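Trainee: Okay, handing you the structure first.
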Protein chains: 2
Amino acid sequence: MAQPITLRQVSPLKASCHQCSLSNLCLPLALNENELDRLEDIVQQGRIFNRGELVFEQSTPFRSCFAVRSGAIKTSIITESGEEQVTGFFMPGELVGLDSMSSDAYACSAKALERTSVCELPVDRLEELTHKIPELQHHFFHLMSQEIQNSHQLAMLLSKNTAEERIAALLLSLSSRFGRRRMSPTQFSLPMARNDIANFLGLAVETVSRVFTRFQNQGLIRARGREVELLDIEALQLVTRESSRQRC
Amino acid sequence: MAQPITLRQVSPLKASCHQCSLSNLCLPLALNENELDRLEDIVQQGRIFNRGELVFEQSTPFRSCFAVRSGAIKTSIITESGEEQVTGFFMPGELVGLDSMSSDAYACSAKALERTSVCELPVDRLEELTHKIPELQHHFFHLMSQEIQNSHQLAMLLSKNTAEERIAALLLSLSSRFGRRRMSPTQFSLPMARNDIANFLGLAVETVSRVFTRFQNQGLIRARGREVELLDIEALQLVTRESSRQRC
DNA sequence: GTACGCACTTGATATGAATCAAACAGGCGG
DNA sequence: CCGCCTGTTTGATTCATATCAAGTGCGTAC
């Protein structure tokens, strides 16, 4: 299934934020042509990482944020006790590394979950540019604030919700994030292992596995390994809101 | 116990970021005199809220961030199902509202836990100023990134740690935050109710209460109501790291 | 083709914390 | 001063999920 060559196609060496289909996700829409040019100047496009390769490593000097173009990245922290804690999954159009902007070293490690293409944004040049372009500064405040909210959301999920609710929420989140790209929101391949899901959601692997089969038996999903099909999105949404089964 | 009037005292109506003892906490040290003046121009100082009063309310138009001068603030979200979820506690020198910078409405509500004095920072003017002062922009990136890390830290605590570990971690966090101010890090009054602690840490009130008495019986703390004394900080630190009791 | 390792699934049991229930303390208004 | 309301503590029971223990399936190397 070879991709037909279109007129839009340009040399991969040439910076091309203009053409990037993700631009409205990872970049502000409000930039004008000139501003986009200046942004392109500092962005290093098209770096490729193979599955399992580190995009950056915790405690090494913080140099750049990375925008995911294709593939998927997981971020994780190694605690003092040596355990890994998965802090997030990043899909195309999403920006990795914002949590490190408060220090000189990366606050977490980022690993490619599959073959992954990224754009690198060196922070020193980025900060210069955000200073020059108010819209861009605003956009970064926006992105970081969003990340805080996401993390609060996650904390809520972890502190208040059952295993089923957490997993349903993750599946729906992935679904909508795949959907924002041209991909099917109901049928996709999980980029991460059950282990990563468990770690991220604060569950045991066995529990994740059990919930997957339970969902399957209830006809909510069809899952074979990492291949997942969401059969009944509304029912899944109901599961996540099931926290309201309280005192009604 | 009347506070003796000192020479440092100025009219409360006059902006005084220069004199504020918190300046190295909530503001960047790197600002020069002129820049501090410009910051003072936009800061509305000395607003007072009584216990229980809302500093701002979720879903109302986002206008300002607030720096806590004295007292304490809790932030919380009301979920669709109507439950409250406490997302954070803010002590003097800390900035509230950064999570709302991605939208036009406040992402959470902020309530004074005791009589609380704040400085108001209107965002529109703040964004203008950060645009003009690169140091200030850098500082805000720093603050927001810190907030993301805090939230990740909380998520980790909630997903991996036991009730005792969570509560020990909270006590130690409060201790160090009181310590940064001129206050005792070992003896203080909790600004929040057991209920808020429980909600914040994803526990039942009863569990919080039980852990407090357990800590007391073990000689780690002395607690009577909201009055708390940390008797053995090292032991408490050991509790939080107890997660490493894994396979040793 | 077979064997090894790894990711995943399934079952049995143990346990930490929630829930239910009730007593207790302190602050406030009458 | 008493009674009420709210916040806190304590005890008994239940339940969800971790843990322990096998087993299964699949991809890869030999």
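Going by the structure tokens order, chains are called A, B, ..., each with residues numbered from 1, while ligands are numbered from 1 in the order shown.
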What residues in chain B have any atom no more than 6 Å from chain A when counting only C-alpha atoms, and can you write them as number ranges by chain?
Mentor: B: 81, 99, 101-102, 131, 142, 145-146, 148-149, 151, 155, 158-159, 202, 244
Trainee: Next, write the just-selected residues to a file, as a compact mmCIF listing (two decimals), in the first residue's frame, keeping all heavy atoms as the atom set.
Mentor:
```
# COMPACT_ATOMS: atom_id res chain seq x y z
N SER B 81 -20.22 14.38 38.75
CA SER B 81 -21.10 13.67 39.67
C SER B 81 -21.32 14.44 40.97
O SER B 81 -21.95 13.94 41.88
CB SER B 81 -20.54 12.28 39.96
OG SER B 81 -19.15 12.33 40.15
N ASP B 99 -3.16 26.49 37.08
CA ASP B 99 -3.81 25.44 36.29
C ASP B 99 -4.95 25.99 35.44
O ASP B 99 -5.48 25.29 34.59
CB ASP B 99 -4.30 24.31 37.20
CG ASP B 99 -5.25 24.83 38.26
OD1 ASP B 99 -5.21 26.04 38.53
OD2 ASP B 99 -6.01 24.04 38.81
N MET B 101 -4.65 28.68 33.50
CA MET B 101 -4.15 29.53 32.43
C MET B 101 -4.39 28.98 31.04
O MET B 101 -4.04 29.61 30.05
CB MET B 101 -2.65 29.81 32.63
CG MET B 101 -2.40 30.67 33.85
SD MET B 101 -0.74 31.34 33.95
CE MET B 101 -0.74 32.52 32.61
N SER B 102 -4.99 27.80 30.95
CA SER B 102 -5.26 27.26 29.62
C SER B 102 -6.68 27.57 29.17
O SER B 102 -7.08 27.18 28.08
CB SER B 102 -5.02 25.75 29.61
OG SER B 102 -5.91 25.11 30.47
N HIS B 131 5.86 39.22 28.96
CA HIS B 131 6.36 39.39 27.60
C HIS B 131 7.49 40.42 27.58
O HIS B 131 8.45 40.29 26.82
CB HIS B 131 5.22 39.83 26.68
CG HIS B 131 5.68 40.14 25.30
ND1 HIS B 131 6.38 39.23 24.54
CD2 HIS B 131 5.57 41.25 24.56
CE1 HIS B 131 6.68 39.77 23.37
NE2 HIS B 131 6.20 41.00 23.36
N HIS B 142 9.01 28.28 34.93
CA HIS B 142 9.55 27.51 36.04
C HIS B 142 8.44 27.11 37.03
O HIS B 142 8.30 25.94 37.39
CB HIS B 142 10.61 28.35 36.75
CG HIS B 142 11.27 27.67 37.90
ND1 HIS B 142 12.47 27.02 37.80
CD2 HIS B 142 10.88 27.52 39.19
CE1 HIS B 142 12.79 26.50 38.97
NE2 HIS B 142 11.85 26.80 39.84
N SER B 145 6.02 24.55 35.50
CA SER B 145 6.66 23.25 35.38
C SER B 145 6.75 22.57 36.74
O SER B 145 6.51 21.37 36.88
CB SER B 145 8.04 23.44 34.78
OG SER B 145 8.83 22.31 34.97
N GLN B 146 7.09 23.37 37.75
CA GLN B 146 7.13 22.86 39.12
C GLN B 146 5.78 22.28 39.52
O GLN B 146 5.70 21.22 40.13
CB GLN B 146 7.49 24.02 40.05
CG GLN B 146 7.96 23.58 41.42
CD GLN B 146 9.37 23.03 41.35
OE1 GLN B 146 10.26 23.68 40.84
NE2 GLN B 146 9.56 21.82 41.86
N ILE B 148 3.54 21.04 37.56
CA ILE B 148 3.34 19.76 36.87
C ILE B 148 4.07 18.66 37.63
O ILE B 148 3.51 17.59 37.89
CB ILE B 148 3.88 19.82 35.43
CG1 ILE B 148 3.13 20.87 34.61
CG2 ILE B 148 3.76 18.45 34.75
CD1 ILE B 148 3.75 21.15 33.25
N GLN B 149 5.30 18.94 38.01
CA GLN B 149 6.06 17.94 38.76
C GLN B 149 5.40 17.59 40.08
O GLN B 149 5.31 16.43 40.47
CB GLN B 149 7.49 18.43 39.01
CG GLN B 149 8.39 18.32 37.81
CD GLN B 149 9.83 18.67 38.17
OE1 GLN B 149 10.37 18.22 39.16
NE2 GLN B 149 10.45 19.48 37.33
N SER B 151 2.33 17.72 40.77
CA SER B 151 1.14 16.94 40.51
C SER B 151 1.50 15.50 40.14
O SER B 151 0.81 14.55 40.54
CB SER B 151 0.33 17.60 39.40
OG SER B 151 -0.96 17.08 39.36
N ALA B 155 0.39 12.14 42.06
CA ALA B 155 -0.17 10.98 41.37
C ALA B 155 0.58 9.72 41.78
O ALA B 155 -0.02 8.67 42.02
CB ALA B 155 -0.12 11.18 39.87
N LEU B 158 -0.42 8.70 45.24
CA LEU B 158 -1.76 8.13 45.28
C LEU B 158 -1.81 6.74 44.68
O LEU B 158 -2.61 5.91 45.07
CB LEU B 158 -2.73 9.04 44.52
CG LEU B 158 -2.99 10.40 45.14
CD1 LEU B 158 -3.82 11.26 44.20
CD2 LEU B 158 -3.68 10.24 46.47
N SER B 159 -0.94 6.48 43.71
CA SER B 159 -1.07 5.21 43.00
C SER B 159 -0.23 4.12 43.63
O SER B 159 -0.52 2.94 43.49
CB SER B 159 -0.69 5.37 41.53
OG SER B 159 0.70 5.46 41.37
N GLY B 202 -6.93 10.79 48.84
CA GLY B 202 -7.66 9.63 48.34
C GLY B 202 -7.91 8.59 49.40
O GLY B 202 -7.83 7.39 49.14
N SER B 244 10.23 1.23 49.67
CA SER B 244 11.38 0.44 49.23
C SER B 244 11.55 -0.82 50.08
O SER B 244 12.57 -1.47 50.05
CB SER B 244 12.65 1.27 49.30
OG SER B 244 12.73 1.93 50.55
```
Trainee: Taking the chain letters and numbering used in this document, name the residues of segment 29-247 of chain B that DSSP puts in strand (DSSP E), as a ChimeraX atom specification.
Mentor: /B:44-49,54-56,64-70,73-78,84-90,95-96,109-112,116-122,187-189,221-224,227-230
Trainee: As a list in words, please: the residues near segment 8-10 of chain D (cut-off 12 Å, only C-alpha atoms (C1' of nucleotides), same-chain neighbours under 2 positions excluded).
Mentor: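 Once the nearby chain positions are removed, what remains is Ala193, Arg194, Asn195, Val205, Glu206, Thr207, Val208, Ser209, Arg210, Val211, Phe212, Thr213, Arg214, Ala223, Arg224, Gly225 and Arg226 of chain B; DA21, DA22, DA23, DC24, DA25 and DG26 of chain C; DT6 and DA12 of chain D.
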Trainee: Just the residues within 12 Å of DG29 of chain C, please, counting only C-alpha atoms (C1' of nucleotides), with nothing from its chain fewer than 2 positions along; format it as a PyMOL selection string.
Mentor: (chain C and resi 27) or (chain D and resi 2-5)
Trainee: Find the distance between atom CA of Glu94 of chain B and atom CA of Val123 of chain A and write it in Å to one decimal.
Mentor: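 One can read the atom CA of Glu94 of chain B to atom CA of Val123 of chain A distance as 25.1 Å.
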Trainee: So which residues touch DA12 of chain C within 12 Å, counting only C-alpha atoms (C1' of nucleotides), skipping near sequence neighbours fewer than 6 positions away, as an NGL selection string?
Mentor: :D and (19-22)
